[in-house]
Amino acid sequence: MDIRLLQPSDIPHVQTANITNLPENYFCKYYLYHALSWPQLSYVAVDMSGTKAGDPYAAPRIVGYVLAKMEEEPTDAPHGHITSLSVMRTHRRLGLAEKLMKQSQKAMVECFGAKYVSLHVRVSNQAALHLYQNTLQFENEKIEPKYYADGEDAYSMRKDLTFLETAAEEEEDDGKEKLEDVGIDGDVPEDAQARNKGKKDPTMRTVKIGRPLGVHNLEERNESIQST
C-alpha cells in the first residue's frame, strides 16, 4: 500500500471512489481545482498488489483519498479544511483513513502554517463520527441545520494543529544537536573550540625539542677514503 500526493491523472479514479462510497459527489473540475490550488494537501492510497513493477501503463488502483484545501478567506487564524475523505469498503479497518488525514494535516502546518483544520460530517454517520472524535481527536463545535442537499444536518468539527508546530520545532532542535555533536567533516564545533581554549589536554605532555639540523649543519664526507 502506498500513500502519496494526489496527481491530476488520479482524478477519474478518485471520483469513482467518491461516487461508490459517498452521497456528496463532485465534478472532475472541482478535484482539479484542489489539486492545482493546494497540491501539497490531498493524498491517495494506492493498492500496489497485482501491479507489475515498472509498468508505465498500469492504472493506479486507488482505494482511498483525502481531498483538502486551505480556507481562502479565513475570519480568524489560517486553517485547513477537509472537503472529502473516503476509503473503499474492501480496504477499510487498515488505518488508511487515519494515515491519509495525518499526512494532509502535517502538510497544512508545514506548507501553510495552519493553526487548525475543520470539516463537516452528517449527524447520522456514526462510523465517521467515531473516526473523527475518538481516533483523530476532532471536537464538535456546532450543528449546522440542513447543511446537505437532502436536508440533513451536519456537525461542524475542528482540530487544533499547533501541537504539530511544537513537534516540528523539537525535530529541528534534535537535528541541530546531532549536527553540533559531529560537526562538519568531523571538525570540532565552534562552541566546543571556545570552551577548550586555555585548557590543557591531560593526554598531552611537554617535551624538549632540540634545534633541527639545517643544511649548514651537514658535512660532506667521502665514504671511499678509509681512515687509517
# chains A, B, ... in the order shown; residues from 1 in each chain; ligands from 1
$ residues_around --residues "A:Phe112" --least-positions-apart "6" --cutoff "9 Å" --atoms "only C-alpha atoms" --output "VMD selection string"
chain A and resid 70 78 to 80
$ select_by_dssp --residues "stretch 61-96 of chain A" --states "helix (DSSP H, G or I)" --output "VMD selection string"
chain A and resid 89 to 91 96
$ residues_around --residues "A:Phe27" --least-positions-apart "4" --cutoff "10 Å" --atoms "only C-alpha atoms" --output "PDB file with C-alpha atoms, in the first residue's frame"
ATOM      1  CA  ILE A  11      -8.826  12.332 -10.534  1.00  0.00           C
ATOM      2  CA  PRO A  12     -11.042   9.903 -12.543  1.00  0.00           C
ATOM      3  CA  GLN A  15     -14.100  10.351  -8.490  1.00  0.00           C
ATOM      4  CA  TYR A  31     -10.978  17.854  -7.797  1.00  0.00           C
ATOM      5  CA  LEU A  32      -8.663  19.553 -10.276  1.00  0.00           C
TER       6      LEU A  32
END
$ atom_distance --atom1 "atom CA of A:Ala17" --atom2 "atom CA of A:Ala114"
27.6 Å
$ closest_residue --among "A:Thr90, A:Ser118, A:Gln7, A:Thr20" --to "A:Leu136" --atoms "only C-alpha atoms"
A:Ser118
$ closest_residue --among "A:Arg122, A:His81, A:Leu131, A:Lys115" --to "A:Ala149" --atoms "only C-alpha atoms"
A:Arg122
$ closest_atom_pairs --of "stretch 57-116 of chain A" --to "stretch 36-50 of chain A" --cutoff "7 Å" --atoms "only C-alpha atoms" --output "CSV"
residue,atom,partner,partner_atom,distance
A:Pro60,CA,A:Val46,CA,6.4
A:Arg61,CA,A:Asp47,CA,5.5
A:Ile62,CA,A:Val46,CA,4.5
A:Val63,CA,A:Ala45,CA,5.7
A:Gly64,CA,A:Ala45,CA,4.9
A:Tyr65,CA,A:Val44,CA,4.2
A:Val66,CA,A:Tyr43,CA,5.4
A:Leu67,CA,A:Ser42,CA,4.8
A:Ala68,CA,A:Ser42,CA,5.3
A:Lys69,CA,A:Trp38,CA,6.0
A:Leu100,CA,A:Tyr43,CA,6.2
A:Ser104,CA,A:Leu41,CA,5.0
A:Ala107,CA,A:Leu41,CA,5.9
A:Met108,CA,A:Leu41,CA,6.5
$ write_last_selection --atoms "all heavy atoms" --output "tab-separated table (two decimals), in the first residue's frame"
chain	number	residue	atom	x	y	z
A	60	PRO	N	-3.35	3.15	-11.69
A	60	PRO	CA	-3.26	3.01	-10.24
A	60	PRO	C	-4.60	2.54	-9.66
A	60	PRO	O	-5.67	3.00	-10.11
A	60	PRO	CB	-2.94	4.43	-9.78
A	60	PRO	CG	-3.47	5.31	-10.86
A	60	PRO	CD	-3.29	4.55	-12.14
A	61	ARG	N	-4.55	1.63	-8.72
A	61	ARG	CA	-5.77	1.17	-8.07
A	61	ARG	C	-5.95	1.98	-6.79
A	61	ARG	O	-5.42	1.65	-5.73
A	61	ARG	CB	-5.66	-0.33	-7.76
A	61	ARG	CG	-6.98	-0.90	-7.22
A	61	ARG	CD	-6.82	-2.33	-6.76
A	61	ARG	NE	-8.06	-2.84	-6.18
A	61	ARG	CZ	-8.14	-3.95	-5.45
A	61	ARG	NH1	-7.06	-4.68	-5.25
A	61	ARG	NH2	-9.29	-4.33	-4.95
A	62	ILE	N	-6.68	3.07	-6.92
A	62	ILE	CA	-6.86	3.98	-5.79
A	62	ILE	C	-8.01	3.48	-4.92
A	62	ILE	O	-9.15	3.34	-5.38
A	62	ILE	CB	-7.12	5.41	-6.29
A	62	ILE	CG1	-5.85	5.95	-6.95
A	62	ILE	CG2	-7.58	6.32	-5.15
A	62	ILE	CD1	-5.97	7.30	-7.55
A	63	VAL	N	-7.68	3.20	-3.65
A	63	VAL	CA	-8.66	2.62	-2.74
A	63	VAL	C	-9.06	3.61	-1.63
A	63	VAL	O	-9.87	3.27	-0.77
A	63	VAL	CB	-8.11	1.32	-2.12
A	63	VAL	CG1	-7.90	0.27	-3.20
A	63	VAL	CG2	-6.81	1.58	-1.36
A	64	GLY	N	-8.50	4.80	-1.66
A	64	GLY	CA	-8.86	5.80	-0.67
A	64	GLY	C	-8.26	7.14	-1.03
A	64	GLY	O	-7.30	7.22	-1.79
A	65	TYR	N	-8.82	8.19	-0.48
A	65	TYR	CA	-8.31	9.53	-0.78
A	65	TYR	C	-8.75	10.51	0.31
A	65	TYR	O	-9.72	10.26	1.05
A	65	TYR	CB	-8.82	10.04	-2.13
A	65	TYR	CG	-10.29	10.40	-2.13
A	65	TYR	CD1	-10.72	11.69	-1.78
A	65	TYR	CD2	-11.26	9.44	-2.43
A	65	TYR	CE1	-12.07	12.00	-1.74
A	65	TYR	CE2	-12.61	9.76	-2.40
A	65	TYR	CZ	-13.00	11.05	-2.05
A	65	TYR	OH	-14.34	11.37	-2.00
A	66	VAL	N	-8.03	11.60	0.42
A	66	VAL	CA	-8.46	12.75	1.21
A	66	VAL	C	-8.31	13.97	0.31
A	66	VAL	O	-7.26	14.19	-0.29
A	66	VAL	CB	-7.67	12.91	2.52
A	66	VAL	CG1	-6.17	13.05	2.28
A	66	VAL	CG2	-8.19	14.11	3.32
A	67	LEU	N	-9.38	14.74	0.19
A	67	LEU	CA	-9.38	15.96	-0.61
A	67	LEU	C	-9.41	17.13	0.37
A	67	LEU	O	-10.35	17.27	1.15
A	67	LEU	CB	-10.61	15.97	-1.51
A	67	LEU	CG	-10.66	17.03	-2.62
A	67	LEU	CD1	-9.57	16.76	-3.65
A	67	LEU	CD2	-12.04	17.04	-3.29
A	68	ALA	N	-8.37	17.96	0.33
A	68	ALA	CA	-8.22	19.01	1.34
A	68	ALA	C	-7.82	20.33	0.71
A	68	ALA	O	-7.30	20.38	-0.42
A	68	ALA	CB	-7.20	18.59	2.39
A	69	LYS	N	-8.02	21.40	1.45
A	69	LYS	CA	-7.68	22.74	0.97
A	69	LYS	C	-7.42	23.65	2.16
A	69	LYS	O	-7.64	23.28	3.31
A	69	LYS	CB	-8.82	23.32	0.14
A	69	LYS	CG	-10.10	23.56	0.94
A	69	LYS	CD	-11.16	24.24	0.11
A	69	LYS	CE	-12.39	24.59	0.95
A	69	LYS	NZ	-13.40	25.36	0.19
A	100	LEU	N	-4.13	8.94	5.83
A	100	LEU	CA	-4.40	10.00	4.86
A	100	LEU	C	-4.62	11.33	5.56
A	100	LEU	O	-4.07	12.37	5.15
A	100	LEU	CB	-5.63	9.63	4.02
A	100	LEU	CG	-5.45	8.50	3.00
A	100	LEU	CD1	-6.82	7.99	2.54
A	100	LEU	CD2	-4.63	8.96	1.81
A	104	SER	N	-2.19	14.84	5.44
A	104	SER	CA	-2.75	16.12	5.00
A	104	SER	C	-2.60	17.18	6.08
A	104	SER	O	-2.22	18.32	5.78
A	104	SER	CB	-4.22	15.94	4.63
A	104	SER	OG	-4.76	17.14	4.14
A	107	ALA	N	0.96	18.46	6.29
A	107	ALA	CA	1.27	19.35	5.17
A	107	ALA	C	0.64	20.72	5.36
A	107	ALA	O	1.23	21.75	4.98
A	107	ALA	CB	0.80	18.72	3.86
A	108	MET	N	-0.55	20.77	5.94
A	108	MET	CA	-1.20	22.06	6.20
A	108	MET	C	-0.35	22.94	7.10
A	108	MET	O	-0.21	24.16	6.87
A	108	MET	CB	-2.56	21.84	6.88
A	108	MET	CG	-3.63	21.26	5.97
A	108	MET	SD	-5.15	20.92	6.89
A	108	MET	CE	-6.15	20.15	5.64
$ closest_residue --among "A:Ser86, A:Gln103, A:Ser9, A:Gln137" --to "A:Leu22" --atoms "only C-alpha atoms"
A:Ser86
$ closest_residue --among "A:Ser84, A:Thr16, A:Thr75, A:Asn25" --to "A:Ala128" --atoms "only C-alpha atoms"
A:Ser84
$ closest_residue --among "A:Asn18, A:Ile143, A:Ala127, A:Thr135" --to "A:Arg92" --atoms "only C-alpha atoms"
A:Ala127
$ closest_residue --among "A:Gly113, A:Ser124, A:Pro145, A:Ser156" --to "A:Ile82" --atoms "only C-alpha atoms"
A:Ser156
$ atom_distance --atom1 "atom CA of A:Tyr30" --atom2 "atom CA of A:Gly95"
26.4 Å
